[in-house]
Amino acid sequence: MESKDRQISFICPNFSSHYRPGELILPLVFYVEHGKSLPSKVRLHVESSHVWSGTVVNGGKKIEGLEGMMTLYGIRPYSLVLLEYDGGVNFRVHLYSPYATEIMYSNYEHCPSSDLLYNKIELVMFSSVFT
């Protein structure tokens, strides 16, 4: 776990014995220090500009309600989920394959709107960069 300028970066344990679809387990060191102060609802900002809502449970030991995010990005056992926490309700999320290569983030059009909290960049703006 790395901390610089109050930002904390860590990898969620995602071994097959701990894996549960829709849940991210927070490392012991993080939840001991910050678990009790986490709000019950958090936002996970993925590199694709998607923001997902999750629920902190078990005294800050895990975040639940992420089935849509994990399905969309193909998060499975041994996928690496790097979280950066600045405090408050926001986490930045970086996703890597089990071979430590960053995944190809899905486009907004493939994202089920019922699971997505909001999209920071409109698809038109995103697609205009490549035309």
# chains A, B, ... in the order shown; residues from 1 in each chain; ligands from 1
call {"tool": "residues_around", "arguments": {"residues": "A:Glu67", "least_positions_apart": "6", "cutoff": "10 Å", "atoms": "only C-alpha atoms", "output": "list in words"}}
result
Arg20, Pro21, Gly22, Glu23, Gly54, Ile75 and Asp115 of chain A
call {"tool": "select_by_dssp", "arguments": {"residues": "stretch 72-104 of chain A", "states": "strand (DSSP E)", "output": "ChimeraX atom specification"}}
result
/A:80-85,90-96
call {"tool": "write_last_selection", "arguments": {"atoms": "all heavy atoms", "output": "compact mmCIF listing (two decimals), in the first residue's frame"}}
result
# COMPACT_ATOMS: atom_id res chain seq x y z
N LEU A 80 -6.18 -7.98 -11.63
CA LEU A 80 -5.65 -7.01 -10.66
C LEU A 80 -6.53 -5.78 -10.66
O LEU A 80 -6.80 -5.20 -11.71
CB LEU A 80 -4.22 -6.62 -11.03
CG LEU A 80 -3.20 -7.75 -11.00
CD1 LEU A 80 -1.84 -7.25 -11.48
CD2 LEU A 80 -3.09 -8.35 -9.62
N VAL A 81 -6.99 -5.39 -9.48
CA VAL A 81 -7.81 -4.20 -9.31
C VAL A 81 -7.03 -3.25 -8.41
O VAL A 81 -6.88 -3.50 -7.21
CB VAL A 81 -9.17 -4.54 -8.69
CG1 VAL A 81 -10.01 -3.29 -8.52
CG2 VAL A 81 -9.91 -5.57 -9.56
N LEU A 82 -6.51 -2.18 -9.01
CA LEU A 82 -5.76 -1.18 -8.28
C LEU A 82 -6.70 -0.04 -7.93
O LEU A 82 -7.35 0.53 -8.82
CB LEU A 82 -4.60 -0.65 -9.13
CG LEU A 82 -3.83 0.53 -8.54
CD1 LEU A 82 -2.93 0.06 -7.42
CD2 LEU A 82 -3.02 1.23 -9.61
N LEU A 83 -6.81 0.28 -6.66
CA LEU A 83 -7.64 1.39 -6.21
C LEU A 83 -6.75 2.50 -5.67
O LEU A 83 -5.75 2.23 -5.00
CB LEU A 83 -8.61 0.95 -5.11
CG LEU A 83 -9.69 -0.05 -5.50
CD1 LEU A 83 -10.59 -0.34 -4.30
CD2 LEU A 83 -10.53 0.45 -6.65
N GLU A 84 -7.12 3.73 -5.96
CA GLU A 84 -6.46 4.91 -5.40
C GLU A 84 -7.52 5.67 -4.62
O GLU A 84 -8.58 5.99 -5.16
CB GLU A 84 -5.89 5.79 -6.51
CG GLU A 84 -4.80 5.12 -7.29
CD GLU A 84 -4.33 5.95 -8.49
OE1 GLU A 84 -5.00 6.93 -8.85
OE2 GLU A 84 -3.29 5.59 -9.05
N TYR A 85 -7.23 5.94 -3.36
CA TYR A 85 -8.20 6.57 -2.47
C TYR A 85 -7.65 7.92 -2.00
O TYR A 85 -6.56 7.98 -1.45
CB TYR A 85 -8.48 5.66 -1.28
CG TYR A 85 -9.47 6.21 -0.29
CD1 TYR A 85 -10.79 6.44 -0.66
CD2 TYR A 85 -9.10 6.48 1.01
CE1 TYR A 85 -11.72 6.93 0.25
CE2 TYR A 85 -10.02 6.97 1.93
CZ TYR A 85 -11.32 7.19 1.55
OH TYR A 85 -12.23 7.68 2.44
N ASN A 90 -14.68 8.87 -3.04
CA ASN A 90 -14.14 8.57 -4.36
C ASN A 90 -12.91 7.68 -4.36
O ASN A 90 -11.95 7.92 -3.62
CB ASN A 90 -13.80 9.88 -5.09
CG ASN A 90 -15.04 10.71 -5.34
OD1 ASN A 90 -16.00 10.22 -5.92
ND2 ASN A 90 -15.03 11.95 -4.90
N PHE A 91 -12.97 6.66 -5.23
CA PHE A 91 -11.83 5.80 -5.52
C PHE A 91 -11.59 5.86 -7.03
O PHE A 91 -12.53 5.83 -7.81
CB PHE A 91 -12.14 4.34 -5.18
CG PHE A 91 -12.19 4.03 -3.72
CD1 PHE A 91 -13.36 4.22 -3.00
CD2 PHE A 91 -11.08 3.52 -3.07
CE1 PHE A 91 -13.43 3.91 -1.65
CE2 PHE A 91 -11.14 3.20 -1.71
CZ PHE A 91 -12.31 3.40 -1.01
N ARG A 92 -10.34 5.94 -7.46
CA ARG A 92 -10.00 5.77 -8.87
C ARG A 92 -9.62 4.31 -9.06
O ARG A 92 -8.95 3.73 -8.21
CB ARG A 92 -8.86 6.69 -9.26
CG ARG A 92 -9.31 8.12 -9.47
CD ARG A 92 -8.24 8.97 -10.13
NE ARG A 92 -7.03 9.02 -9.33
CZ ARG A 92 -6.78 9.94 -8.40
NH1 ARG A 92 -7.63 10.89 -8.18
NH2 ARG A 92 -5.66 9.92 -7.71
N VAL A 93 -10.06 3.73 -10.18
CA VAL A 93 -9.88 2.30 -10.43
C VAL A 93 -9.04 2.09 -11.68
O VAL A 93 -9.31 2.70 -12.72
CB VAL A 93 -11.25 1.61 -10.62
CG1 VAL A 93 -11.07 0.12 -10.84
CG2 VAL A 93 -12.17 1.88 -9.44
N HIS A 94 -8.05 1.23 -11.58
CA HIS A 94 -7.25 0.79 -12.73
C HIS A 94 -7.35 -0.73 -12.76
O HIS A 94 -7.16 -1.39 -11.74
CB HIS A 94 -5.79 1.21 -12.58
CG HIS A 94 -5.61 2.69 -12.40
ND1 HIS A 94 -5.55 3.56 -13.45
CD2 HIS A 94 -5.54 3.43 -11.27
CE1 HIS A 94 -5.42 4.79 -12.98
NE2 HIS A 94 -5.41 4.73 -11.66
N LEU A 95 -7.67 -1.28 -13.92
CA LEU A 95 -7.92 -2.71 -14.05
C LEU A 95 -6.87 -3.38 -14.93
O LEU A 95 -6.54 -2.86 -16.00
CB LEU A 95 -9.31 -2.94 -14.63
CG LEU A 95 -10.45 -2.30 -13.82
CD1 LEU A 95 -11.75 -2.34 -14.61
CD2 LEU A 95 -10.59 -2.98 -12.48
N TYR A 96 -6.38 -4.52 -14.48
CA TYR A 96 -5.32 -5.24 -15.18
C TYR A 96 -5.71 -6.72 -15.30
O TYR A 96 -6.37 -7.27 -14.43
CB TYR A 96 -3.99 -5.13 -14.43
CG TYR A 96 -3.52 -3.71 -14.29
CD1 TYR A 96 -3.95 -2.90 -13.24
CD2 TYR A 96 -2.65 -3.15 -15.23
CE1 TYR A 96 -3.53 -1.59 -13.11
CE2 TYR A 96 -2.23 -1.84 -15.12
CZ TYR A 96 -2.67 -1.06 -14.05
OH TYR A 96 -2.26 0.22 -13.94
call {"tool": "residues_around", "arguments": {"residues": "A:Gly59", "least_positions_apart": "3", "cutoff": "12 Å", "atoms": "only C-alpha atoms", "output": "PyMOL selection string"}}
result
chain A and resi 25-26+28+30-40+55-56+62-63
call {"tool": "write_last_selection", "arguments": {"atoms": "C-alpha atoms", "output": "compact mmCIF listing (two decimals), in the first residue's frame"}}
result
# COMPACT_ATOMS: atom_id res chain seq x y z
CA ILE A 25 -12.21 -7.05 -0.81
CA LEU A 26 -10.15 -4.25 0.71
CA LEU A 28 -6.40 -5.57 5.84
CA PHE A 30 -6.46 -0.25 4.50
CA TYR A 31 -9.62 -1.27 6.28
CA VAL A 32 -7.94 -1.22 9.72
CA GLU A 33 -6.84 2.40 9.13
CA HIS A 34 -9.78 3.73 7.08
CA GLY A 35 -12.64 1.20 7.17
CA LYS A 36 -14.58 2.80 10.02
CA SER A 37 -14.41 6.25 8.40
CA LEU A 38 -15.58 5.14 4.93
CA PRO A 39 -19.08 6.29 3.97
CA SER A 40 -21.63 3.55 3.25
CA THR A 55 -21.74 -0.11 -0.91
CA VAL A 56 -19.13 -0.48 1.84
CA LYS A 62 -15.32 -4.90 1.24
CA ILE A 63 -17.28 -2.99 -1.40
call {"tool": "atom_distance", "arguments": {"atom1": "atom CA of A:Asn14", "atom2": "atom CA of A:Ser79"}}
result
6.7 Å
call {"tool": "atom_distance", "arguments": {"atom1": "atom CA of A:Tyr78", "atom2": "atom CA of A:Pro98"}}
result
5.1 Å
call {"tool": "residues_around", "arguments": {"residues": "A:Gly74", "least_positions_apart": "4", "cutoff": "9 Å", "atoms": "only C-alpha atoms", "output": "PyMOL selection string"}}
result
chain A and resi 69-70+79+97+103
call {"tool": "write_last_selection", "arguments": {"atoms": "N, CA and C atoms", "output": "PDB file, in the first residue's frame"}}
result
ATOM      1  N   MET A  69     -20.043  -3.586 -13.106  1.00  0.00           N
ATOM      2  CA  MET A  69     -18.674  -3.185 -13.430  1.00  0.00           C
ATOM      3  C   MET A  69     -17.798  -4.408 -13.677  1.00  0.00           C
ATOM      4  N   MET A  70     -17.920  -5.405 -12.826  1.00  0.00           N
ATOM      5  CA  MET A  70     -17.063  -6.583 -12.955  1.00  0.00           C
ATOM      6  C   MET A  70     -17.402  -7.391 -14.201  1.00  0.00           C
ATOM      7  N   SER A  79      -7.600 -11.221 -11.637  1.00  0.00           N
ATOM      8  CA  SER A  79      -7.502  -9.911 -12.281  1.00  0.00           C
ATOM      9  C   SER A  79      -6.987  -8.946 -11.217  1.00  0.00           C
ATOM     10  N   SER A  97      -5.253  -7.336 -16.362  1.00  0.00           N
ATOM     11  CA  SER A  97      -5.474  -8.773 -16.543  1.00  0.00           C
ATOM     12  C   SER A  97      -4.627  -9.531 -15.517  1.00  0.00           C
ATOM     13  N   ILE A 103      -6.290  -3.497 -18.940  1.00  0.00           N
ATOM     14  CA  ILE A 103      -7.342  -3.982 -19.832  1.00  0.00           C
ATOM     15  C   ILE A 103      -7.733  -2.903 -20.834  1.00  0.00           C
TER      16      ILE A 103
END
call {"tool": "atom_distance", "arguments": {"atom1": "atom CA of A:Ser48", "atom2": "atom CA of A:Gly68"}}
result
14.2 Å
